Number of protein chains: 2
Amino acid sequence: MNHFSRRQFLAKAGAGAAFASLVSPHALADPFQSTKKLGVALVGLGYYAEFKLATALQETKNCKLVGIVTGTPAKAEKWKKQFNIADKNSYNYQTFDRIIDNKDIDVVYVVLPNALHHEFVLRAAKAGKHVICEKPMAVSVKECEEMIAACKAAKVSLSIGYRLHFEPYNLEAARVGQQKVFGQVKIVETSMGFKIGDPGQWRLKKALAGGGAMYDVGVYALQAARYSTGEEPSFVTAQEIKTDPVKFKEVDETVMWQMEFPSGIVSSSITSYASNIERLFLSAEDGWLELRPAYGYGPLSGRTSKGELNLPQINHQAAQLDGIAASILEGKESIVPGEEGLKDARVMAAIYKSIETGKKVKV
Amino acid sequence: MNHFSRRQFLAKAGAGAAFASLVSPHALADPFQSTKKLGVALVGLGYYAEFKLATALQETKNCKLVGIVTGTPAKAEKWKKQFNIADKNSYNYQTFDRIIDNKDIDVVYVVLPNALHHEFVLRAAKAGKHVICEKPMAVSVKECEEMIAACKAAKVSLSIGYRLHFEPYNLEAARVGQQKVFGQVKIVETSMGFKIGDPGQWRLKKALAGGGAMYDVGVYALQAARYSTGEEPSFVTAQEIKTDPVKFKEVDETVMWQMEFPSGIVSSSITSYASNIERLFLSAEDGWLELRPAYGYGPLSGRTSKGELNLPQINHQAAQLDGIAASILEGKESIVPGEEGLKDARVMAAIYKSIETGKKVKV
């Protein structure tokens with residue numbers, strides 16, 4: 001194992017400024033007591049919360065599931081039994097703000113539809129809780145900026161649910177690209193998409209999702225182009241193609257975008273709700289790296305011009321939760337801070353602007 | 001073996017109208033005598049002619065190397081010895097037109113730099129010889145149209161050196177895509193590029209090459225998107241990125257382009273002289289196909305959502321030469337007619353126009 005460390009990843013990816021203190025005075029008596037497990041409350045108990053996060057929280061070392069926030073009483077009952085949640089740690093969206101007085105809960109993880117992230121991150125910060133916000137961070141640059149400001153003002157940590165910053169194959173891609181293992185990267189291809197099912201789901205409603213494939217899974221392909229190069233794009237061009245205007249009346253179906261990076265790297269990316277596609281490819285001066293599948297929950301697979309990669313297949317969500325919890329416990333900056341989500345939001349805004357204007361847009 | 005037959009490929013790819021007769025009255029006494037090997041003369045004795053075509057012509061069944069056309073006397077001497085070429089079948093660019101009187105030579109294969117294709121195809125047609133023209137067909141749509149018209153007027157066959165129309169992996173991609181083996185194709189990714197060496201070579205001079213990576217190897221990625229879908233693009237957008245304005249002063253270094261097809265298929269492609277990249281990927285409703293490497297001289301490699309492809313690794317040039325010679329001998333239309341090159345030229349003109357205008361261009 002010689003892949004990129006979290007710290008290196010962070011250093012190259014360029015996270016925001018350090019917090020004065022990441023430790024909430026409300027929640028944590030002794031932040032440096034390494035045996036403490038942070039208490040996590042999940043806000044929004046959909047599929048991802050139930051089958052990925054709650055299960056991951058059964059195996060995390062630095063945090064554990066202690067609270068829930070849901071608008072559905074039946075779900076609350078089910079979860080309380082299934083995950084041994086105390087009555088006093090179960091909230092609904094009206095009672096949520098009382099969480100300020102709950103010493104069991106150190107971290108609030110917002111897993112609601114995208115358009116609700118902003119509100120609940122602000123409310124969590126106001127309650128003095130550290131926050132994890134599922135990706136995409138929010139539905140506008142302005143929302144992201146306000147979320148960062150609110151968490152800074154409340155002196156709580158804000159992390160985005162970017163699990164691949166903790167995943168060995170993607171860390172290896174970042175190492176290969178950023179450390180020029182095969183020389184300077186010249187061309188990057190990333191793509192992420194899936195054939196979406198149920199036409200009634202919230203992902204297809206602009207008011208809840210904010211955008212379509214681009215926001216939901218395109219952000220993976222965008223992230224990958226950024227962390228595998230260690231650079232921020234200077235310019236983007238983008239195209240949207242809609243083949244089913246009924247199903248995709250409100251949100252984008254397929255988006256293609258191209259980026260130019262300061263060193264001369266170019267990238268080409270696709271995201272789609274029309275078909276399955278998932279890949280990260282780097283072509284460098286003296287070799288290449290490919291992950292495929294690259295971003296799913298695993299197992300992932302990758303290879304380079306030197307042969308197959310054989311890296312550990314881990315529980316992404318557990319690694320992400322433990323990594324974020326460790327940063328909080330150690331009073332260090334998050335590996336996936338709000339600033340990282342804001343950067344993606346800015347690029348996505350440029351992508352949508354390019355689609356709208358048909359022009360190349362400076363990020 | 002269950003891959004697409006040449007005839008099916010042709011039918012779907014939509015070649016141009018049939019010739020009244022493809023058989024040159026000058027060259028071929030009995031065109032339907034299947035034991036006859038057509039005599040081929042290579043025009044331009046560069047690397048590709050020497051190390052790919054001349055060697056392939058030693059193993060072809062339907063044609064053989066009998067003539068050469070070169071401006072370099074030393075090359076002529078070397079080739080005459082090495083390939084047993086008769087003195088009377090060796091021409092230079094001034095004496096070339098006398099080939100009209102040479103009954104040994106049925107087919108002229110133009111392997112000169114791109115900008116010379118037009119002139120020599122016209123001269124070959126005027127000499128009553130069937131013509132194979134290396135890709136890219138020419139440096140403008142107008143040139144392509146004139147070449148097709150000249151060959152029609154002379155009643156000779158015109159084929160483009162598209163070897164992958166005869167190659168099992170690419171034929172399989174065409175079959176999978178066109179016959180909807182995994183359902184309707186939704187997304188296509190194609191890319192072809194290499195890190196170019198010698199800055200003094202003709203490929204970097206606009207007057208000889210006509211264009212850069214796009215003309216030279218981008219045409220593979222364009223072809224692949226066309227034959228793997230069986231459709232012609234309706235719209236293109238394109239971007240050019242130049243990171244080395246000295247080396248690539250005259251021609252394009254990296255071009256990315258996106259196409260929309262009538263059925264709703266979208267494609268994203270890259271070509272580059274900056275880095276090695278080579279792939280064909282189809283994402284269909286119920287599965288996928290990938291060739292990588294896809295377009296090199298082999299061995300090629302491919303896989304689908306059902307597993308690895310295990311197809312014959314063949315000599316592409318020999319298959320192409322025999323396939324074209326067979327069409328001539330049988331009086332049938334070429335599988336890779338001039339019209340096929342013209343279609344690519346039209347799309348490439350649209351790509352360059354999109355780069356120039358920054359707008360989406362109708363093909």
# chains A, B, ... in the order shown; residues from 1 in each chain; ligands from 1
$ closest_atom_pairs --of "chain B" --to "chain A" --cutoff "7 Å" --atoms "only C-alpha atoms" --output "CSV"
residue,atom,partner,partner_atom,distance
B:Lys186,CA,A:Ser275,CA,6.2
B:Ile187,CA,A:Ser275,CA,7.0
B:Thr243,CA,A:Gly264,CA,5.5
B:Gly264,CA,A:Thr243,CA,5.6
B:Ala274,CA,A:Lys186,CA,6.8
B:Ser275,CA,A:Glu285,CA,6.2
B:Asn276,CA,A:Ser283,CA,6.4
B:Ile277,CA,A:Ser283,CA,6.6
B:Ser283,CA,A:Ser275,CA,6.3
B:Ala284,CA,A:Ser275,CA,6.6
B:Glu285,CA,A:Ser275,CA,6.2
B:Gly358,CA,A:Lys359,CA,6.4
B:Lys359,CA,A:Gly358,CA,6.4
$ write_last_selection --atoms "C-alpha atoms" --output "PDB file, in the first residue's frame"
ATOM      1  CA  LYS B 186     -27.575   5.955 -25.291  1.00  0.00           C
ATOM      2  CA  ILE B 187     -24.017   7.234 -24.766  1.00  0.00           C
ATOM      3  CA  THR B 243      -0.916  23.965 -24.677  1.00  0.00           C
ATOM      4  CA  GLY B 264     -31.044  10.675 -29.177  1.00  0.00           C
ATOM      5  CA  ALA B 274      -0.473  15.615 -26.566  1.00  0.00           C
ATOM      6  CA  SER B 275      -1.044  12.217 -25.002  1.00  0.00           C
ATOM      7  CA  ASN B 276      -1.913   8.593 -25.680  1.00  0.00           C
ATOM      8  CA  ILE B 277      -5.612   7.847 -25.557  1.00  0.00           C
ATOM      9  CA  SER B 283     -23.444   2.467 -23.004  1.00  0.00           C
ATOM     10  CA  ALA B 284     -26.764   0.931 -23.993  1.00  0.00           C
ATOM     11  CA  GLU B 285     -29.978   0.390 -22.096  1.00  0.00           C
ATOM     12  CA  GLY B 358     -18.031  28.609 -30.376  1.00  0.00           C
ATOM     13  CA  LYS B 359     -21.488  27.485 -31.400  1.00  0.00           C
TER      14      LYS B 359
END
$ select_by_dssp --residues "segment 59-288 of chain B" --states "strand (DSSP E)" --output "PyMOL selection string"
chain B and resi 63-69+90-91+107-110+130-133+158-160+185-193+235-241+254-260+266-272+277-284+287-288
$ closest_residue --among "A:Val66, A:Met348, A:Val139, A:Leu122" --to "Ile105 of chain A" --atoms "only C-alpha atoms"
A:Val66
$ atom_distance --atom1 "atom CA of Leu300 of chain A" --atom2 "atom CA of Glu59 of chain A"
20.2 Å
$ atom_distance --atom1 "atom CA of Leu38 of chain B" --atom2 "atom CA of Tyr169 of chain B"
27.2 Å
$ atom_distance --atom1 "atom CA of Leu280 of chain A" --atom2 "atom CA of Gln313 of chain B"
27.7 Å
$ residues_around --residues "segment 209-214 of chain A" --least-positions-apart "5" --cutoff "8 Å" --atoms "only C-alpha atoms" --output "list in words"
Pro113, Asn114, Ala115, Ala138, Val139, Gly193, Trp202, Arg203, Leu204, Val219, Glu250, Val251, Asp252, Glu253, Thr254, Val255, Thr271, Ser272, Tyr273 and Met348 of chain A
$ residues_around --residues "Met147 of chain B" --least-positions-apart "4" --cutoff "7 Å" --atoms "only C-alpha atoms" --output "number ranges by chain"
B: 118, 121-122, 143, 151
$ write_last_selection --atoms "N, CA and C atoms" --output "PDB file, in the first residue's frame"
ATOM      1  N   HIS B 118      -5.932  14.594 -52.950  1.00  0.00           N
ATOM      2  CA  HIS B 118      -6.835  15.055 -53.999  1.00  0.00           C
ATOM      3  C   HIS B 118      -6.166  14.979 -55.367  1.00  0.00           C
ATOM      4  N   VAL B 121      -5.394  11.242 -56.395  1.00  0.00           N
ATOM      5  CA  VAL B 121      -6.595  10.453 -56.682  1.00  0.00           C
ATOM      6  C   VAL B 121      -7.154  10.860 -58.047  1.00  0.00           C
ATOM      7  N   LEU B 122      -7.169  12.145 -58.314  1.00  0.00           N
ATOM      8  CA  LEU B 122      -7.663  12.597 -59.617  1.00  0.00           C
ATOM      9  C   LEU B 122      -6.788  12.078 -60.766  1.00  0.00           C
ATOM     10  N   GLU B 143     -12.758  19.018 -51.887  1.00  0.00           N
ATOM     11  CA  GLU B 143     -11.820  18.049 -52.454  1.00  0.00           C
ATOM     12  C   GLU B 143     -12.421  16.649 -52.482  1.00  0.00           C
ATOM     13  N   CYS B 151     -13.746   9.884 -59.869  1.00  0.00           N
ATOM     14  CA  CYS B 151     -13.721   8.420 -59.953  1.00  0.00           C
ATOM     15  C   CYS B 151     -14.992   7.894 -60.618  1.00  0.00           C
TER      16      CYS B 151
END
$ closest_residue --among "B:Gln317, B:His117, B:Glu340, B:Phe166" --to "Phe51 of chain B" --atoms "only C-alpha atoms"
B:Gln317
$ decode --residues "segment 35-179 of chain B" --atoms "C-alpha atoms" --output "PDB file, in the first residue's frame"
ATOM      1  CA  THR B  35      -8.081 -16.392 -59.080  1.00  0.00           C
ATOM      2  CA  LYS B  36      -6.743 -13.097 -60.343  1.00  0.00           C
ATOM      3  CA  LYS B  37      -4.819 -10.968 -57.897  1.00  0.00           C
ATOM      4  CA  LEU B  38      -5.193  -7.272 -58.557  1.00  0.00           C
ATOM      5  CA  GLY B  39      -1.928  -5.441 -59.016  1.00  0.00           C
ATOM      6  CA  VAL B  40      -1.465  -2.595 -56.550  1.00  0.00           C
ATOM      7  CA  ALA B  41       0.862   0.392 -56.844  1.00  0.00           C
ATOM      8  CA  LEU B  42       1.676   2.372 -53.721  1.00  0.00           C
ATOM      9  CA  VAL B  43       2.053   6.115 -54.152  1.00  0.00           C
ATOM     10  CA  GLY B  44       4.274   7.583 -51.445  1.00  0.00           C
ATOM     11  CA  LEU B  45       6.722   5.267 -49.721  1.00  0.00           C
ATOM     12  CA  GLY B  46       6.729   6.493 -46.131  1.00  0.00           C
ATOM     13  CA  TYR B  47       6.565   4.493 -42.937  1.00  0.00           C
ATOM     14  CA  TYR B  48       2.989   3.341 -43.339  1.00  0.00           C
ATOM     15  CA  ALA B  49       3.520   2.222 -46.936  1.00  0.00           C
ATOM     16  CA  GLU B  50       6.703   0.335 -46.112  1.00  0.00           C
ATOM     17  CA  PHE B  51       5.982  -1.254 -42.771  1.00  0.00           C
ATOM     18  CA  LYS B  52       2.239  -1.788 -42.984  1.00  0.00           C
ATOM     19  CA  LEU B  53       0.962  -1.853 -46.556  1.00  0.00           C
ATOM     20  CA  ALA B  54       3.890  -3.434 -48.396  1.00  0.00           C
ATOM     21  CA  THR B  55       4.161  -6.163 -45.781  1.00  0.00           C
ATOM     22  CA  ALA B  56       0.390  -6.726 -45.792  1.00  0.00           C
ATOM     23  CA  LEU B  57       0.496  -7.038 -49.569  1.00  0.00           C
ATOM     24  CA  GLN B  58       2.784 -10.041 -49.165  1.00  0.00           C
ATOM     25  CA  GLU B  59      -0.054 -11.955 -47.532  1.00  0.00           C
ATOM     26  CA  THR B  60      -3.127 -10.696 -49.368  1.00  0.00           C
ATOM     27  CA  LYS B  61      -5.158 -13.147 -51.433  1.00  0.00           C
ATOM     28  CA  ASN B  62      -6.946 -10.778 -53.782  1.00  0.00           C
ATOM     29  CA  CYS B  63      -4.188  -8.308 -54.560  1.00  0.00           C
ATOM     30  CA  LYS B  64      -0.423  -7.965 -54.590  1.00  0.00           C
ATOM     31  CA  LEU B  65       2.213  -5.269 -54.661  1.00  0.00           C
ATOM     32  CA  VAL B  66       3.410  -4.708 -58.216  1.00  0.00           C
ATOM     33  CA  GLY B  67       4.175  -0.992 -58.500  1.00  0.00           C
ATOM     34  CA  ILE B  68       5.614   2.001 -56.689  1.00  0.00           C
ATOM     35  CA  VAL B  69       5.492   5.756 -57.097  1.00  0.00           C
ATOM     36  CA  THR B  70       8.081   7.796 -55.250  1.00  0.00           C
ATOM     37  CA  GLY B  71      10.021  11.029 -55.585  1.00  0.00           C
ATOM     38  CA  THR B  72      13.136   9.501 -54.064  1.00  0.00           C
ATOM     39  CA  PRO B  73      15.252   7.426 -56.481  1.00  0.00           C
ATOM     40  CA  ALA B  74      17.088   5.671 -53.637  1.00  0.00           C
ATOM     41  CA  LYS B  75      13.767   4.488 -52.220  1.00  0.00           C
ATOM     42  CA  ALA B  76      12.764   3.177 -55.620  1.00  0.00           C
ATOM     43  CA  GLU B  77      15.952   1.135 -55.857  1.00  0.00           C
ATOM     44  CA  LYS B  78      15.516  -0.261 -52.363  1.00  0.00           C
ATOM     45  CA  TRP B  79      11.870  -1.205 -52.931  1.00  0.00           C
ATOM     46  CA  LYS B  80      12.505  -2.748 -56.323  1.00  0.00           C
ATOM     47  CA  LYS B  81      14.971  -5.130 -54.746  1.00  0.00           C
ATOM     48  CA  GLN B  82      13.119  -5.735 -51.523  1.00  0.00           C
ATOM     49  CA  PHE B  83       9.693  -6.317 -53.037  1.00  0.00           C
ATOM     50  CA  ASN B  84      10.662  -7.568 -56.464  1.00  0.00           C
ATOM     51  CA  ILE B  85       9.144  -4.635 -58.354  1.00  0.00           C
ATOM     52  CA  ALA B  86       9.711  -4.559 -62.109  1.00  0.00           C
ATOM     53  CA  ASP B  87      11.589  -1.525 -63.426  1.00  0.00           C
ATOM     54  CA  LYS B  88       8.673  -0.657 -65.676  1.00  0.00           C
ATOM     55  CA  ASN B  89       6.343  -0.509 -62.637  1.00  0.00           C
ATOM     56  CA  SER B  90       8.384   2.113 -60.813  1.00  0.00           C
ATOM     57  CA  TYR B  91       7.286   5.722 -61.284  1.00  0.00           C
ATOM     58  CA  ASN B  92       8.076   9.118 -59.911  1.00  0.00           C
ATOM     59  CA  TYR B  93       5.557  11.927 -59.460  1.00  0.00           C
ATOM     60  CA  GLN B  94       6.302  13.332 -62.923  1.00  0.00           C
ATOM     61  CA  THR B  95       6.033  10.032 -64.779  1.00  0.00           C
ATOM     62  CA  PHE B  96       3.088   8.807 -62.706  1.00  0.00           C
ATOM     63  CA  ASP B  97       0.452   9.560 -65.336  1.00  0.00           C
ATOM     64  CA  ARG B  98       2.027   7.057 -67.713  1.00  0.00           C
ATOM     65  CA  ILE B  99       0.606   4.395 -65.404  1.00  0.00           C
ATOM     66  CA  ILE B 100      -2.452   4.548 -67.701  1.00  0.00           C
ATOM     67  CA  ASP B 101      -0.591   2.251 -70.056  1.00  0.00           C
ATOM     68  CA  ASN B 102       0.508  -0.243 -67.428  1.00  0.00           C
ATOM     69  CA  LYS B 103      -1.638  -3.348 -67.468  1.00  0.00           C
ATOM     70  CA  ASP B 104       0.088  -4.805 -64.378  1.00  0.00           C
ATOM     71  CA  ILE B 105      -1.428  -2.134 -62.199  1.00  0.00           C
ATOM     72  CA  ASP B 106      -5.140  -2.292 -61.384  1.00  0.00           C
ATOM     73  CA  VAL B 107      -5.233  -0.272 -58.209  1.00  0.00           C
ATOM     74  CA  VAL B 108      -3.386   2.845 -57.106  1.00  0.00           C
ATOM     75  CA  TYR B 109      -3.120   3.317 -53.331  1.00  0.00           C
ATOM     76  CA  VAL B 110      -2.379   6.952 -52.421  1.00  0.00           C
ATOM     77  CA  VAL B 111      -0.388   7.085 -49.176  1.00  0.00           C
ATOM     78  CA  LEU B 112       0.925  10.632 -49.487  1.00  0.00           C
ATOM     79  CA  PRO B 113       0.449  13.443 -46.954  1.00  0.00           C
ATOM     80  CA  ASN B 114      -3.220  14.454 -46.716  1.00  0.00           C
ATOM     81  CA  ALA B 115      -3.016  17.585 -48.838  1.00  0.00           C
ATOM     82  CA  LEU B 116      -1.753  15.573 -51.821  1.00  0.00           C
ATOM     83  CA  HIS B 117      -4.556  13.015 -51.787  1.00  0.00           C
ATOM     84  CA  HIS B 118      -6.835  15.055 -53.999  1.00  0.00           C
ATOM     85  CA  GLU B 119      -4.305  15.581 -56.778  1.00  0.00           C
ATOM     86  CA  PHE B 120      -3.137  11.990 -56.929  1.00  0.00           C
ATOM     87  CA  VAL B 121      -6.595  10.453 -56.682  1.00  0.00           C
ATOM     88  CA  LEU B 122      -7.663  12.597 -59.617  1.00  0.00           C
ATOM     89  CA  ARG B 123      -4.566  11.620 -61.604  1.00  0.00           C
ATOM     90  CA  ALA B 124      -5.076   7.939 -60.767  1.00  0.00           C
ATOM     91  CA  ALA B 125      -8.703   8.113 -61.866  1.00  0.00           C
ATOM     92  CA  LYS B 126      -7.666   9.851 -65.072  1.00  0.00           C
ATOM     93  CA  ALA B 127      -5.290   6.955 -65.646  1.00  0.00           C
ATOM     94  CA  GLY B 128      -8.249   4.597 -65.346  1.00  0.00           C
ATOM     95  CA  LYS B 129      -7.036   2.930 -62.196  1.00  0.00           C
ATOM     96  CA  HIS B 130      -9.119   1.954 -59.204  1.00  0.00           C
ATOM     97  CA  VAL B 131      -8.117   4.025 -56.246  1.00  0.00           C
ATOM     98  CA  ILE B 132      -7.556   3.532 -52.555  1.00  0.00           C
ATOM     99  CA  CYS B 133      -6.918   6.763 -50.697  1.00  0.00           C
ATOM    100  CA  GLU B 134      -5.442   6.721 -47.222  1.00  0.00           C
ATOM    101  CA  LYS B 135      -7.422   8.474 -44.484  1.00  0.00           C
ATOM    102  CA  PRO B 136      -8.212  11.282 -43.959  1.00  0.00           C
ATOM    103  CA  MET B 137      -9.644  11.387 -47.456  1.00  0.00           C
ATOM    104  CA  ALA B 138      -8.637  14.981 -48.165  1.00  0.00           C
ATOM    105  CA  VAL B 139      -8.366  18.375 -46.523  1.00  0.00           C
ATOM    106  CA  SER B 140     -11.777  19.781 -47.469  1.00  0.00           C
ATOM    107  CA  VAL B 141     -15.298  18.708 -48.291  1.00  0.00           C
ATOM    108  CA  LYS B 142     -14.882  20.183 -51.763  1.00  0.00           C
ATOM    109  CA  GLU B 143     -11.820  18.049 -52.454  1.00  0.00           C
ATOM    110  CA  CYS B 144     -13.686  14.929 -51.329  1.00  0.00           C
ATOM    111  CA  GLU B 145     -16.607  15.729 -53.602  1.00  0.00           C
ATOM    112  CA  GLU B 146     -14.268  16.265 -56.561  1.00  0.00           C
ATOM    113  CA  MET B 147     -12.463  13.003 -55.899  1.00  0.00           C
ATOM    114  CA  ILE B 148     -15.754  11.089 -55.832  1.00  0.00           C
ATOM    115  CA  ALA B 149     -16.923  12.803 -59.018  1.00  0.00           C
ATOM    116  CA  ALA B 150     -13.628  12.116 -60.798  1.00  0.00           C
ATOM    117  CA  CYS B 151     -13.721   8.420 -59.953  1.00  0.00           C
ATOM    118  CA  LYS B 152     -17.369   8.152 -60.994  1.00  0.00           C
ATOM    119  CA  ALA B 153     -16.618   9.864 -64.286  1.00  0.00           C
ATOM    120  CA  ALA B 154     -13.683   7.537 -64.888  1.00  0.00           C
ATOM    121  CA  LYS B 155     -15.784   4.526 -63.851  1.00  0.00           C
ATOM    122  CA  VAL B 156     -13.214   3.435 -61.304  1.00  0.00           C
ATOM    123  CA  SER B 157     -13.724   2.410 -57.720  1.00  0.00           C
ATOM    124  CA  LEU B 158     -12.706   4.766 -54.922  1.00  0.00           C
ATOM    125  CA  SER B 159     -12.080   3.433 -51.434  1.00  0.00           C
ATOM    126  CA  ILE B 160     -10.759   5.086 -48.301  1.00  0.00           C
ATOM    127  CA  GLY B 161      -8.122   3.374 -46.163  1.00  0.00           C
ATOM    128  CA  TYR B 162     -10.501   2.693 -43.291  1.00  0.00           C
ATOM    129  CA  ARG B 163      -9.019  -0.599 -42.110  1.00  0.00           C
ATOM    130  CA  LEU B 164     -11.280  -0.917 -39.053  1.00  0.00           C
ATOM    131  CA  HIS B 165     -14.314  -1.671 -41.212  1.00  0.00           C
ATOM    132  CA  PHE B 166     -12.593  -5.021 -41.755  1.00  0.00           C
ATOM    133  CA  GLU B 167     -11.404  -5.612 -38.185  1.00  0.00           C
ATOM    134  CA  PRO B 168     -13.274  -8.065 -35.909  1.00  0.00           C
ATOM    135  CA  TYR B 169     -13.399  -5.981 -32.699  1.00  0.00           C
ATOM    136  CA  ASN B 170     -14.696  -2.911 -34.468  1.00  0.00           C
ATOM    137  CA  LEU B 171     -17.128  -5.010 -36.509  1.00  0.00           C
ATOM    138  CA  GLU B 172     -18.395  -6.417 -33.218  1.00  0.00           C
ATOM    139  CA  ALA B 173     -18.860  -2.902 -31.830  1.00  0.00           C
ATOM    140  CA  ALA B 174     -20.857  -2.037 -34.952  1.00  0.00           C
ATOM    141  CA  ARG B 175     -22.959  -5.160 -34.552  1.00  0.00           C
ATOM    142  CA  VAL B 176     -23.630  -4.564 -30.861  1.00  0.00           C
ATOM    143  CA  GLY B 177     -24.521  -0.937 -31.421  1.00  0.00           C
ATOM    144  CA  GLN B 178     -26.476  -1.190 -34.645  1.00  0.00           C
ATOM    145  CA  GLN B 179     -28.339  -4.381 -33.836  1.00  0.00           C
TER     146      GLN B 179
END
